[in-house]
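Reproduced below: entry_6.txt, with compact mmCIF, C-alpha atoms.
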```
# COMPACT_ATOMS: atom_id res chain seq x y z
CA MET Z 1 102.71 111.73 125.42
CA ALA Z 2 103.08 110.24 121.96
CA LEU Z 3 103.64 106.81 120.43
CA VAL Z 4 106.86 106.27 118.48
CA PHE Z 5 107.58 103.26 116.28
CA VAL Z 6 111.27 102.27 116.13
CA TYR Z 7 112.54 99.78 113.55
CA GLY Z 8 116.34 100.07 113.63
CA THR Z 9 119.17 100.80 116.04
CA LEU Z 10 116.78 102.06 118.76
CA LYS Z 11 115.12 98.66 119.28
CA ARG Z 12 115.92 96.52 122.31
CA GLY Z 13 119.22 94.68 121.84
CA GLN Z 14 120.41 97.17 119.20
CA PRO Z 15 123.32 99.64 119.43
CA ASN Z 16 121.36 102.82 120.23
CA HIS Z 17 118.64 101.41 122.50
CA LYS Z 18 120.44 102.89 125.52
CA VAL Z 19 119.23 106.41 124.60
CA LEU Z 20 115.62 105.33 125.21
CA LEU Z 21 116.59 104.07 128.67
CA ASP Z 22 118.40 107.27 129.70
CA SER Z 23 116.00 109.36 131.81
CA ALA Z 24 118.13 112.44 131.12
CA ASN Z 25 116.64 112.29 127.59
CA GLY Z 26 113.05 112.03 128.84
CA SER Z 27 110.69 109.12 129.32
CA ALA Z 28 110.17 106.16 126.98
CA ALA Z 29 108.03 103.16 127.92
CA PHE Z 30 107.92 100.01 125.80
CA ARG Z 31 104.30 99.34 124.80
CA GLY Z 32 104.57 96.45 122.36
CA GLN Z 33 105.70 95.08 119.05
CA GLY Z 34 104.20 96.05 115.74
CA ARG Z 35 104.67 96.40 112.04
CA THR Z 36 103.85 99.16 109.62
CA ALA Z 37 100.29 98.83 108.32
CA GLU Z 38 101.56 99.83 104.86
CA PRO Z 39 104.66 98.41 103.21
CA PHE Z 40 107.77 100.60 103.19
CA PRO Z 41 111.31 99.93 101.93
CA LEU Z 42 113.70 99.37 104.85
CA VAL Z 43 117.24 99.57 103.50
CA ILE Z 44 120.73 99.60 104.99
CA ALA Z 45 122.73 102.35 103.34
CA GLY Z 46 125.49 104.92 103.54
CA GLU Z 47 129.06 104.64 104.73
CA HIS Z 48 127.95 103.73 108.29
CA ASN Z 49 125.40 101.04 107.26
CA ILE Z 50 122.48 102.88 108.83
CA PRO Z 51 118.95 101.43 108.59
CA TRP Z 52 116.66 103.81 106.70
CA LEU Z 53 112.91 103.58 106.27
CA LEU Z 54 112.31 105.20 102.89
CA HIS Z 55 109.12 107.24 102.76
CA LEU Z 56 107.80 105.34 99.75
CA PRO Z 57 104.52 103.87 101.07
CA GLY Z 58 103.25 100.86 99.17
CA ARG Z 59 106.73 99.55 98.30
CA GLY Z 60 108.84 97.09 100.28
CA HIS Z 61 107.53 95.19 103.30
CA HIS Z 62 105.39 95.63 106.39
CA VAL Z 63 108.36 96.57 108.60
CA ALA Z 64 108.62 95.07 112.10
CA GLY Z 65 109.59 97.16 115.10
CA GLU Z 66 108.70 98.31 118.59
CA ILE Z 67 106.18 100.82 119.92
CA TYR Z 68 107.14 103.23 122.72
CA ARG Z 69 105.12 105.83 124.59
CA VAL Z 70 107.38 108.87 124.97
CA ASP Z 71 107.04 112.23 126.65
CA GLU Z 72 107.65 115.58 124.96
CA GLN Z 73 111.24 115.76 126.21
CA MET Z 74 112.11 112.36 124.69
CA LEU Z 75 110.38 113.31 121.44
CA ARG Z 76 112.53 116.46 121.20
CA PHE Z 77 115.62 114.39 122.02
CA LEU Z 78 114.75 111.83 119.32
CA ASP Z 79 114.20 114.62 116.77
CA ASP Z 80 117.73 115.82 117.46
CA PHE Z 81 119.20 112.29 117.66
CA GLU Z 82 117.64 111.36 114.30
CA GLY Z 83 118.77 114.57 112.60
CA CYS Z 84 115.19 115.67 112.02
CA PRO Z 85 114.25 117.21 109.62
CA HIS Z 86 117.40 116.92 107.47
CA MET Z 87 118.39 113.22 107.72
CA TYR Z 88 115.04 111.81 108.80
CA GLN Z 89 111.60 113.33 108.87
CA ARG Z 90 109.13 112.52 111.66
CA THR Z 91 105.75 111.52 110.26
CA ALA Z 92 102.70 109.71 111.64
CA VAL Z 93 101.91 106.28 110.20
CA PRO Z 94 99.47 103.55 111.18
CA VAL Z 95 101.12 100.59 112.91
CA GLU Z 96 99.51 97.19 113.37
CA VAL Z 97 99.98 95.91 116.92
CA LEU Z 98 101.47 92.40 117.10
CA THR Z 99 101.91 92.22 120.89
CA TRP Z 100 100.74 94.76 123.42
CA GLU Z 101 101.48 95.50 127.06
CA GLY Z 102 98.56 97.00 128.92
CA GLU Z 103 95.54 98.37 127.08
CA GLY Z 104 94.74 97.29 123.55
CA SER Z 105 95.16 93.98 121.82
CA PRO Z 106 96.97 92.39 118.89
CA GLY Z 107 95.46 93.41 115.57
CA ASP Z 108 94.69 96.95 116.72
CA ARG Z 109 96.08 99.81 114.66
CA VAL Z 110 97.67 102.80 116.35
CA GLN Z 111 99.07 106.03 114.95
CA CYS Z 112 102.78 106.30 115.70
CA PHE Z 113 105.48 108.74 114.85
CA VAL Z 114 108.21 107.16 112.75
CA TYR Z 115 111.52 108.53 111.54
CA SER Z 116 111.71 107.91 107.80
CA THR Z 117 113.33 109.74 104.93
CA ALA Z 118 111.91 111.29 101.80
CA THR Z 119 115.27 112.87 100.95
CA SER Z 120 117.41 109.79 100.27
CA PRO Z 121 119.39 109.27 97.07
CA PRO Z 122 117.08 107.70 94.43
CA GLU Z 123 119.32 104.63 94.05
CA TRP Z 124 118.60 103.62 97.67
CA ALA Z 125 115.11 102.52 96.57
CA HIS Z 126 116.81 99.73 94.59
CA LEU Z 127 118.79 98.34 97.54
CA PRO Z 128 117.54 95.12 99.18
CA HIS Z 129 114.40 95.71 101.26
CA HIS Z 130 114.27 94.17 104.73
CA LYS Z 131 111.27 93.14 106.85
CA SER Z 132 113.15 93.83 110.06
CA TYR Z 133 116.54 95.12 111.19
CA ASP Z 134 119.23 93.60 113.35
CA ALA Z 135 122.68 95.22 113.46
CA GLN Z 136 124.21 91.72 113.59
CA GLY Z 137 121.83 90.27 110.99
CA PRO Z 138 122.67 87.98 108.06
CA HIS Z 139 122.89 90.99 105.71
CA GLY Z 140 126.57 91.33 106.73
CA LEU Z 141 126.41 95.14 106.77
CA ARG Z 142 127.83 96.07 110.17
CA TYR Z 143 126.50 99.27 111.68
CA ASN Z 144 129.20 101.77 112.57
CA PRO Z 145 128.19 103.30 115.95
CA ARG Z 146 128.26 107.08 116.37
CA GLU Z 147 131.04 106.89 118.92
CA ASN Z 148 133.33 105.29 116.29
CA ARG Z 149 132.73 107.86 113.55
```

Could you take the file, read its structure, and then write that structure out as structure tokens?
Amino acid sequence: MALVFVYGTLKRGQPNHKVLLDSANGSAAFRGQGRTAEPFPLVIAGEHNIPWLLHLPGRGHHVAGEIYRVDEQMLRFLDDFEGCPHMYQRTAVPVEVLTWEGEGSPGDRVQCFVYSTATSPPEWAHLPHHKSYDAQGPHGLRYNPRENR
């Protein structure tokens, strides 16, 4: 079992959350809400308006998201779903717990896997940085779901 921090389309209420609920992909259990302990740039980029966490620690914001406990099968599925290691790379980062279900308490820090990218075009670092992501957010950049591409 591993902890995964999701900040984009995999969060509850977002377009790709359904893959975390599909037991055919493995097991994923919501554990709580958190934010990255270090700032990172969260940008919306590319022709499909995809949220990207740029692996540029120390820049941007403490990004808000959700923490899930996943099994090995779900972790392998997510690697494939996220195009790891070419589109995104899976790395471990400290996440500050904001709300927690079960053991632990707010303020704790936990190590979570996160899908970020160190291979983005350099100009993406200059795009607006977001603290959190919502596909229907005020940014006006509508996510183009996979099934429509």

task = Pick out the residues sitting within 6 Å of range 30-41 of chain Z, and hand them over as JSON, numbers by chain; count only C-alpha atoms, and ignore anything fewer than 5 positions along from it in its own chain.
result = {"Z": [53, 54, 56, 57, 58, 59, 60, 61, 62, 63, 64, 65, 66, 67, 68, 94, 95, 96, 97, 98, 99, 100, 101, 129]}

inquiry  = Between CA of Arg12 in chain Z and CA of Gln111 in chain Z, what is the distance in Å, rounded to a tenth?
reply    = 20.7 Å

ask   = Between Z:Leu78, Z:Val114, Z:Ile50, Z:Val6, which is the closest to Arg142 in chain Z once you count only C-alpha atoms?
value =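 That would be Z:Ile50, the residue with the smallest distance to Arg142 in chain Z.
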
inquiry  = Please list as a VMD selection string every residue within 8 Å of range 80-87 of chain Z, counting all atoms listed in the file and excluding residues in the same chain fewer than 2 positions away.
reply    = chain Z and resid 76 to 78 89 to 90 115 117 119

key: Top pick for closest residue to Tyr133 in chain Z, considering Z:Leu3, Z:Gly102, Z:Met74, Z:Pro15 and counting all atoms listed in the file   = Z:Pro15

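Relative to CA of Ala28 in chain Z, CA of Ala2 in chain Z is found at 9.6 Å.
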
inquiry  = Please determine, counting only C-alpha atoms, which residue among Z:Ser120, Z:Thr91, Z:Asn49, Z:Ser27 has the shortest atom-to-atom distance to Gly8 in chain Z.
reply    = Z:Asn49

ask   = Quick one, how far is CA of His17 in chain Z from CA of Ala92 in chain Z?
value = 21.0 Å

task = Rank nothing, just name the residue among Z:Gly137, Z:Asp79, Z:Arg69, Z:Phe5 nearest to Val93 in chain Z, using all atoms listed in the file.
result = Z:Phe5

ask   = Hey, what's within 9 Å of Asp134 in chain Z if we count only C-alpha atoms and toss same-chain stuff fewer than 6 positions away? As a list in words, please?
value =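 Result of the neighbour search: Gly8, Thr9, Lys11, Gly13 and Gln14 of chain Z.
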
Give me range 102-134 of chain Z with N, CA and C atoms filled in, as a PDB file, in the coordinates of the input.
```pdb
ATOM      1  N   GLY Z 102      99.572  96.082 128.404  1.00  0.00           N
ATOM      2  CA  GLY Z 102      98.560  97.000 128.920  1.00  0.00           C
ATOM      3  C   GLY Z 102      97.334  97.019 128.032  1.00  0.00           C
ATOM      4  N   GLU Z 103      96.783  98.221 127.839  1.00  0.00           N
ATOM      5  CA  GLU Z 103      95.540  98.370 127.080  1.00  0.00           C
ATOM      6  C   GLU Z 103      95.743  98.004 125.618  1.00  0.00           C
ATOM      7  N   GLY Z 104      94.658  97.652 124.959  1.00  0.00           N
ATOM      8  CA  GLY Z 104      94.740  97.290 123.550  1.00  0.00           C
ATOM      9  C   GLY Z 104      94.982  95.812 123.374  1.00  0.00           C
ATOM     10  N   SER Z 105      94.949  95.393 122.109  1.00  0.00           N
ATOM     11  CA  SER Z 105      95.160  93.980 121.820  1.00  0.00           C
ATOM     12  C   SER Z 105      95.777  93.814 120.438  1.00  0.00           C
ATOM     13  N   PRO Z 106      96.388  92.648 120.201  1.00  0.00           N
ATOM     14  CA  PRO Z 106      96.970  92.390 118.890  1.00  0.00           C
ATOM     15  C   PRO Z 106      95.920  92.582 117.791  1.00  0.00           C
ATOM     16  N   GLY Z 107      96.358  93.133 116.685  1.00  0.00           N
ATOM     17  CA  GLY Z 107      95.460  93.410 115.570  1.00  0.00           C
ATOM     18  C   GLY Z 107      94.982  94.848 115.540  1.00  0.00           C
ATOM     19  N   ASP Z 108      95.050  95.531 116.699  1.00  0.00           N
ATOM     20  CA  ASP Z 108      94.690  96.950 116.720  1.00  0.00           C
ATOM     21  C   ASP Z 108      95.648  97.736 115.835  1.00  0.00           C
ATOM     22  N   ARG Z 109      95.207  98.885 115.376  1.00  0.00           N
ATOM     23  CA  ARG Z 109      96.080  99.810 114.660  1.00  0.00           C
ATOM     24  C   ARG Z 109      96.189 101.083 115.482  1.00  0.00           C
ATOM     25  N   VAL Z 110      97.416 101.568 115.614  1.00  0.00           N
ATOM     26  CA  VAL Z 110      97.670 102.800 116.350  1.00  0.00           C
ATOM     27  C   VAL Z 110      98.488 103.742 115.478  1.00  0.00           C
ATOM     28  N   GLN Z 111      98.263 105.033 115.652  1.00  0.00           N
ATOM     29  CA  GLN Z 111      99.070 106.030 114.950  1.00  0.00           C
ATOM     30  C   GLN Z 111     100.354 106.240 115.736  1.00  0.00           C
ATOM     31  N   CYS Z 112     101.472 106.124 115.067  1.00  0.00           N
ATOM     32  CA  CYS Z 112     102.780 106.300 115.700  1.00  0.00           C
ATOM     33  C   CYS Z 112     103.616 107.259 114.866  1.00  0.00           C
ATOM     34  N   PHE Z 113     104.453 107.997 115.560  1.00  0.00           N
ATOM     35  CA  PHE Z 113     105.480 108.740 114.850  1.00  0.00           C
ATOM     36  C   PHE Z 113     106.554 107.753 114.428  1.00  0.00           C
ATOM     37  N   VAL Z 114     107.101 107.965 113.246  1.00  0.00           N
ATOM     38  CA  VAL Z 114     108.210 107.160 112.750  1.00  0.00           C
ATOM     39  C   VAL Z 114     109.206 108.099 112.088  1.00  0.00           C
ATOM     40  N   TYR Z 115     110.473 107.754 112.194  1.00  0.00           N
ATOM     41  CA  TYR Z 115     111.520 108.530 111.540  1.00  0.00           C
ATOM     42  C   TYR Z 115     111.864 107.825 110.232  1.00  0.00           C
ATOM     43  N   SER Z 116     111.440 108.437 109.129  1.00  0.00           N
ATOM     44  CA  SER Z 116     111.710 107.910 107.800  1.00  0.00           C
ATOM     45  C   SER Z 116     112.346 109.030 106.982  1.00  0.00           C
ATOM     46  N   THR Z 117     112.735 108.705 105.765  1.00  0.00           N
ATOM     47  CA  THR Z 117     113.330 109.740 104.930  1.00  0.00           C
ATOM     48  C   THR Z 117     112.682 109.806 103.557  1.00  0.00           C
ATOM     49  N   ALA Z 118     112.406 111.018 103.148  1.00  0.00           N
ATOM     50  CA  ALA Z 118     111.910 111.290 101.800  1.00  0.00           C
ATOM     51  C   ALA Z 118     113.005 111.968 100.988  1.00  0.00           C
ATOM     52  N   THR Z 119     114.192 112.109 101.579  1.00  0.00           N
ATOM     53  CA  THR Z 119     115.270 112.870 100.950  1.00  0.00           C
ATOM     54  C   THR Z 119     116.487 111.997 100.650  1.00  0.00           C
ATOM     55  N   SER Z 120     116.288 110.698 100.515  1.00  0.00           N
ATOM     56  CA  SER Z 120     117.410 109.790 100.270  1.00  0.00           C
ATOM     57  C   SER Z 120     117.785 109.815  98.784  1.00  0.00           C
ATOM     58  N   PRO Z 121     119.013 109.397  98.469  1.00  0.00           N
ATOM     59  CA  PRO Z 121     119.390 109.270  97.070  1.00  0.00           C
ATOM     60  C   PRO Z 121     118.457 108.282  96.355  1.00  0.00           C
ATOM     61  N   PRO Z 122     118.037 108.570  95.138  1.00  0.00           N
ATOM     62  CA  PRO Z 122     117.080 107.700  94.430  1.00  0.00           C
ATOM     63  C   PRO Z 122     117.534 106.245  94.307  1.00  0.00           C
ATOM     64  N   GLU Z 123     118.841 106.011  94.217  1.00  0.00           N
ATOM     65  CA  GLU Z 123     119.320 104.630  94.050  1.00  0.00           C
ATOM     66  C   GLU Z 123     119.088 103.776  95.296  1.00  0.00           C
ATOM     67  N   TRP Z 124     118.865 104.396  96.466  1.00  0.00           N
ATOM     68  CA  TRP Z 124     118.600 103.620  97.670  1.00  0.00           C
ATOM     69  C   TRP Z 124     117.328 102.793  97.532  1.00  0.00           C
ATOM     70  N   ALA Z 125     116.364 103.252  96.751  1.00  0.00           N
ATOM     71  CA  ALA Z 125     115.110 102.520  96.570  1.00  0.00           C
ATOM     72  C   ALA Z 125     115.349 101.159  95.919  1.00  0.00           C
ATOM     73  N   HIS Z 126     116.503 100.981  95.284  1.00  0.00           N
ATOM     74  CA  HIS Z 126     116.810  99.730  94.590  1.00  0.00           C
ATOM     75  C   HIS Z 126     117.672  98.791  95.429  1.00  0.00           C
ATOM     76  N   LEU Z 127     118.049  99.213  96.629  1.00  0.00           N
ATOM     77  CA  LEU Z 127     118.790  98.340  97.540  1.00  0.00           C
ATOM     78  C   LEU Z 127     117.851  97.245  98.062  1.00  0.00           C
ATOM     79  N   PRO Z 128     118.409  96.154  98.604  1.00  0.00           N
ATOM     80  CA  PRO Z 128     117.540  95.120  99.180  1.00  0.00           C
ATOM     81  C   PRO Z 128     116.642  95.703 100.273  1.00  0.00           C
ATOM     82  N   HIS Z 129     115.373  95.277 100.261  1.00  0.00           N
ATOM     83  CA  HIS Z 129     114.400  95.710 101.260  1.00  0.00           C
ATOM     84  C   HIS Z 129     114.312  94.635 102.339  1.00  0.00           C
ATOM     85  N   HIS Z 130     114.308  95.081 103.587  1.00  0.00           N
ATOM     86  CA  HIS Z 130     114.270  94.170 104.730  1.00  0.00           C
ATOM     87  C   HIS Z 130     112.934  94.267 105.453  1.00  0.00           C
ATOM     88  N   LYS Z 131     112.494  93.156 106.051  1.00  0.00           N
ATOM     89  CA  LYS Z 131     111.270  93.140 106.850  1.00  0.00           C
ATOM     90  C   LYS Z 131     111.528  93.613 108.272  1.00  0.00           C
ATOM     91  N   SER Z 132     112.764  93.398 108.733  1.00  0.00           N
ATOM     92  CA  SER Z 132     113.150  93.830 110.060  1.00  0.00           C
ATOM     93  C   SER Z 132     114.653  94.097 110.045  1.00  0.00           C
ATOM     94  N   TYR Z 133     115.126  94.749 111.114  1.00  0.00           N
ATOM     95  CA  TYR Z 133     116.540  95.120 111.190  1.00  0.00           C
ATOM     96  C   TYR Z 133     117.177  94.538 112.432  1.00  0.00           C
ATOM     97  N   ASP Z 134     118.381  94.019 112.255  1.00  0.00           N
ATOM     98  CA  ASP Z 134     119.230  93.600 113.350  1.00  0.00           C
ATOM     99  C   ASP Z 134     120.652  93.985 112.952  1.00  0.00           C
TER     100      ASP Z 134
END
```
